[in-house]
Structure formats: structure tokens, C-alpha cells
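The next block holds one structure in the form of C-alpha cells; read it before the comments.
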Amino acid sequence: MRPRDASAVPDDDFQLLMGVLPEPLQAAVRDLPPGEVLEVVMDLGRPPEARLTGRVVRLSESPISRKDLEHVLSQVGTVSEDNRAGIERTLHRVSAIRNRQSKVVGLTLRVGRAIFGTIDMLKDLIASGLNILLLGRPGVGKTTKLREVARVLADDLGKRVMVVDTSNEIGGDGDIPHPGIGGARRMQVSRPDRQHDVMIEAVENHMPEAIIVDEIGTSAEASAARTIAERGVQLVATAHGNTLENLVLNPTLSDLVGGVHTVTLSDEEARRRHTQKTINERRAPPTFDVVVEMVSRDEVLVHRDTAQSVDRLLAGENVGGERRQLVEGEVEVKEEPQSVAPLPAARPAEPPSRVAASARRHQPGLRQGTTRVYAHAASRDLLERVLRDLGADARVVGRLENADVVLTLRSRANDPKLRKLTEKTEARVLAIKRNSSSEMRRVLRDIFLIAEGVDEDQVREAVMEAEHAIQRVLSEGVVVPLAPRPPRLRKLQHRLVSRYHLETVSHGSEPQRHLIIYPLGALVDIPREQQEMEGEAGAEGLA
């Protein structure tokens, strides 16, 4: 196994980058360790800085002038429409910041490095001939790996490789590509919005066996990628997005992994699948056979069967995958678990020990502190908006196994896998009839004991009173009346009592109307006039 070799970046490449800087800055950068320098930042009117691995070094106390910026621009190639330029036959990139009059007011000089051995974790996949998509946040090394893929395919595997180089990041600036891509050929792109045209041109005119593309970001480029894949050419590319889930939820790029559409099932099929009638399914075979999530430069999560992973994701299950890490030159592979599902039905009554007074809003059945909510077969964006509007002490999480509460559609609440997982994690399941904000508000008001339009201190007082009463009823088996409360607070108290499977009835007339809590199975005698006033014992709890 060949280790990563940082020395593969010639020292004279770094000297070429320093050579475009003003003379005082050259001396300051020369004193820094070359292998740690990531970029040099020059902003008009501010002191220049060098950004290294884990730290920032100020290069001078003198602020940058327009003359300094013009000196650098005169030394590099033409700044293109995407505000990028390069230094010929190097991988360094110079990016410009412009003001509203299109004058350059800042520059970022990024050090480009060709590092051998960066794809040791993926070499078996590259050699398989499968289409591979790399995902990851900026700066995690996607382009570096893509450059190494081009070299390995061309030199080690002897394939005809064409690199579609939109911003000259893969093959470097100038007409002669950098040695880092080996024997691969390179097609430059005149404007960023022409990348999809050049992708198709590469297939039609140059008979490649493999095509390398950096940053697929538009629907036209996604369509061009599908066309290339359908013609039998191996495609290796990067795309915007950190995870497979991000990509599936991105309407522009979801076609790369098969796309998503809504399907209405027959009653019989819905019963067979144990799902609701309207579900999301993958629309077509994915363009990319393999998706690689780049966690860091030395760690990736590989989805070897994109179609299967997307199907699992749409079904609300954990997509699993292979976690690969490069440790001291050796690749370690661990299988990610796939046994994750949605939530169970109602939980049994909590024991008296779970009912305790609190100086803050208490949430019976939930852990103290911020509650973690997972949206299963429900809109995550809508859930976040409703929680924000209600002011609930909660946040939405992306993994079911991390949740305290799972919000799902009623048709999905009895999924066996969901039951199994939530029984294990003791997550509480909330079921809604349909994916709407009103339904979400209804169940979330219940679980978080929220009475909208009522002072929070009054809510806290009503909840604490009901908790003390519940504890007495459960432990002593006695009937406990509560103090008179306004209708909204009585409803809130009734919701709390119903969680412990106790009987509750409203008594009296406004403003003295109040709840009385009875032990389970107690004979509850409700006067006729009380029944006529409400049909209300249940109505207050169900509202």
C-alpha cells in the first residue's frame, strides 16, 4: 500500500506561488513551513495573512494597497468569469473578490498540491469501472482525490481518460496540464455555464473510456452526466452536498442518484408494504453506481449500491455503508449498521417515579433538557418551522436512533422495524394524520404541554399542580381535585393526566370550573347538568 507522499509537490511549484507576491510578503512566506501553508489572503486595507493547518499567521502589519493587488494580478493568468485565475503549469489558484464596480478588492491565493496515495481507500472501486460520485464539504480534499483518480486511471490502469476542467483546478492553469493528472487528457471550459456542453463534447469527439468532472451543480450538468453514463463511459465526479441524504433532498441534483417522485399505492399494496398509500420512491436507476461521502481526508463512507441506499433512505431506514479509514498507510474497513427504522405506538403509563415537580416546564416521558425530534415520513423543514413557532425546547435530528421523540404519519406508526428501534431507544412516537403544520402543532402542543396565548408562569404552575396530583392518585389511590383554571390550562392538565391512564372530569361553572382526577377504574359519577355543559371531559383533553 503506497502511503500519501506530500513530497510529490515540487518545491519549485511553491516558489512559483511565492513569486507572484510583492517582495516583502515573499520573505514572510518563505519563513513558513511550505507543507502547512493552505492559502494567502490579501484584502484591500487589511494586513495580509497566511492560513496554515490549524493556525493563521499575519505576514505584515502594513495594510494591502491597490498596488499590491495589481502586482499579483499582473503575474497570474487572466481572471475568468468565475473570478478565478491560475499560475501556468501549477495547481495553485488565485480567486478574486470584487466590489460593486467590479474592481478587485481582495485575493485568495490557494496552494494546490498533487498528493500521491490519496485514493488508496478507493482504489478497488476506481478499478471496477463503476461510476463514482464524491461528496463532501469544501476543503475536505475532493479535487485532490479527483486529480489522483485521473492519474491512476490513465497511468496505472491504461485507460483513455478525459478531464473536463471547468476552473483549471484539476489540471492547473495554462495550456499544458500539470503532471499530477498523469497521462490523462484535459479539456478546458471557456465559461462555467458551458460545462455540460463540454462534457457531451468530450464523449462525442474524443472516445474516452473514463471522464473526470469536478463539481456537478446544475440540472443541465446532471443530465449530461446521465447521458455519459448511458453511453458506457466510466464517470467519476464530485457534487455539492455533504451526504447522500443531502443529495436526495436536492431537487436539482437528485437525478444523479435516481431522482424521487411520489407514488400512490393501491389499498392492497399499501397493506402488504405496511406503509401509507402515498409514498416517495426512486424514479429511475441512479447515474452513479457508487456514492462516497468524504468525512475527512483520511476517512470516507462508501455506499457501494446507490440504488439500494437511496431506497433505504426513502423508506426511513439507516442507509448503512462501509466506513473506510487510512491508518498508518493501511486501509481499515468497518460496516455501518443498517438496522434502523421508525417508531412504535403509544407507550404504557409511566410509573410514579417518573412524575416529579420541576422549577421549569417539565415534559413527562421525555428526558430533561432540549428534546431531540426526528421526522419520519414527515417534512423536516415543516417540523423545524412549527417547533420554532411554538417556542418548544427542542431540535430536529437527522438520525432516528438519536431521537427522544419521533414524528411520523399515522400510516407508518406501526412499522415493525420502527417499533423495534423505538422500543430499544425508548423514543416516544407521535402520529399525525397528514403532513401539515396544523397536525404537527396539535401533537407537539400535547407532547410539550404548550398552551398558546397563556403566560408561561401560569403554564408551569398548572403543570406542577397536575404532576403532584397524579403522583398522589397513583401512589395512594385517592381522588384529587385541582384548582380552578381557565379552559386552555384545563386542557393542558387533561393532556398530562391522560398519559397516565387516569380518569379526569371537569366540575363546576366558570370561573370556578376545575378538574378532578380519579384512579383508573374508579366509579365516576358525573351529574347530568355537567354532561350537558360539555360532553366535555373528553373534549378538553382532545382539543
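Residue names in the C-alpha cells use chain letters A, B, ... in the order shown, residue numbers from 1 in each chain, and ligand numbers from 1 in the order shown.
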
| task | Using DSSP on the backbone coordinates, identify all residues within stretch 212-376 of chain A classified as helix (DSSP H, G or I); present the result as a ChimeraX atom specification. | result | /A:219-230,244-249,254-257,267-273,306-314,352-354

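Every protein or nucleic acid residue with an atom no more than 6 Å from stretch 280-283 of chain A, counting only C-alpha atoms and leaving out same-chain residues fewer than 6 positions away, appears here: Gly258, Gly259, Val260, His261 and Thr262 of chain A.
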
Residues of the last selection are to be written out with C-alpha atoms, as a compact mmCIF listing (two decimals), in the first residue's frame.
# COMPACT_ATOMS: atom_id res chain seq x y z
CA GLY A 258 -32.14 8.22 -9.45
CA GLY A 259 -34.44 11.10 -8.53
CA VAL A 260 -37.50 10.99 -6.30
CA HIS A 261 -41.20 11.00 -7.15
CA THR A 262 -44.47 10.45 -5.29

| said: One number please: atom CA of A:Leu44 to atom CA of A:Val29, in Å, one decimal. | reply: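 Calculated distance between atom CA of A:Leu44 and atom CA of A:Val29 is 18.7 Å.
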
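Considering only C-alpha atoms, the residue among A:Ala431, A:Ile279, A:Ile200, A:Glu23 positioned nearest to A:Thr264 is A:Ile279.
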
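Residues surrounding A:Leu390 within 12 Å are A:Leu383, A:Glu384, A:Ser437, A:Ser438, A:Met440, A:Arg441, A:Arg442, A:Val443, A:Leu444, A:Arg445, A:Asp446, A:Ile447, A:Phe448, A:Leu449, A:Ile450, A:Ala451, A:Glu452, A:Gly453 [only C-alpha atoms; sequence separation below 6 positions excluded].
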
| Neighbour list for stretch 212-217 of chain A as a PyMOL selection string, cut-off 7 Å, only C-alpha atoms, skip fewer than 2 positions in-chain | chain A and resi 143+150+162-165+210+221-222+235-240

Would you output that residue set with N, CA, C and O atoms, as a compact mmCIF listing (two decimals), in the first residue's frame?
# COMPACT_ATOMS: atom_id res chain seq x y z
N THR A 143 -11.20 17.57 -4.79
CA THR A 143 -10.48 17.82 -6.04
C THR A 143 -9.13 17.12 -6.05
O THR A 143 -8.69 16.60 -7.08
N ALA A 150 -7.72 10.58 -11.86
CA ALA A 150 -7.37 10.74 -13.28
C ALA A 150 -6.01 10.10 -13.57
O ALA A 150 -5.83 9.40 -14.57
N MET A 162 -10.39 11.50 -20.01
CA MET A 162 -10.57 12.90 -20.37
C MET A 162 -11.04 13.65 -19.13
O MET A 162 -12.03 13.26 -18.49
N VAL A 163 -10.34 14.72 -18.78
CA VAL A 163 -10.69 15.55 -17.63
C VAL A 163 -11.40 16.80 -18.14
O VAL A 163 -10.85 17.54 -18.95
N VAL A 164 -12.64 17.00 -17.69
CA VAL A 164 -13.37 18.24 -18.01
C VAL A 164 -13.07 19.21 -16.88
O VAL A 164 -13.57 19.08 -15.76
N ASP A 165 -12.21 20.20 -17.16
CA ASP A 165 -11.62 21.05 -16.13
C ASP A 165 -12.21 22.45 -16.21
O ASP A 165 -11.69 23.32 -16.91
N ALA A 210 -13.03 6.90 -19.78
CA ALA A 210 -13.40 7.47 -18.48
C ALA A 210 -13.38 8.98 -18.57
O ALA A 210 -12.54 9.57 -19.27
N GLU A 221 -25.95 19.87 -16.03
CA GLU A 221 -24.79 19.01 -15.82
C GLU A 221 -25.19 17.63 -15.33
O GLU A 221 -24.57 16.63 -15.71
N ALA A 222 -26.24 17.56 -14.51
CA ALA A 222 -26.75 16.26 -14.05
C ALA A 222 -27.29 15.46 -15.24
O ALA A 222 -27.08 14.25 -15.34
N LEU A 235 -17.67 7.31 -15.34
CA LEU A 235 -17.74 8.71 -14.92
C LEU A 235 -17.37 8.80 -13.45
O LEU A 235 -17.95 8.12 -12.60
N VAL A 236 -16.39 9.64 -13.13
CA VAL A 236 -16.02 9.92 -11.75
C VAL A 236 -16.14 11.43 -11.56
O VAL A 236 -15.56 12.20 -12.31
N ALA A 237 -16.94 11.85 -10.57
CA ALA A 237 -17.24 13.27 -10.41
C ALA A 237 -17.42 13.62 -8.94
O ALA A 237 -17.55 12.75 -8.07
N THR A 238 -17.45 14.92 -8.67
CA THR A 238 -17.82 15.43 -7.36
C THR A 238 -19.10 16.24 -7.52
O THR A 238 -19.45 16.68 -8.62
N ALA A 239 -19.81 16.45 -6.41
CA ALA A 239 -21.05 17.23 -6.44
C ALA A 239 -21.22 17.97 -5.13
O ALA A 239 -20.61 17.63 -4.11
N HIS A 240 -22.06 19.01 -5.17
CA HIS A 240 -22.36 19.77 -3.97
C HIS A 240 -23.18 18.91 -3.01
O HIS A 240 -24.13 18.26 -3.41
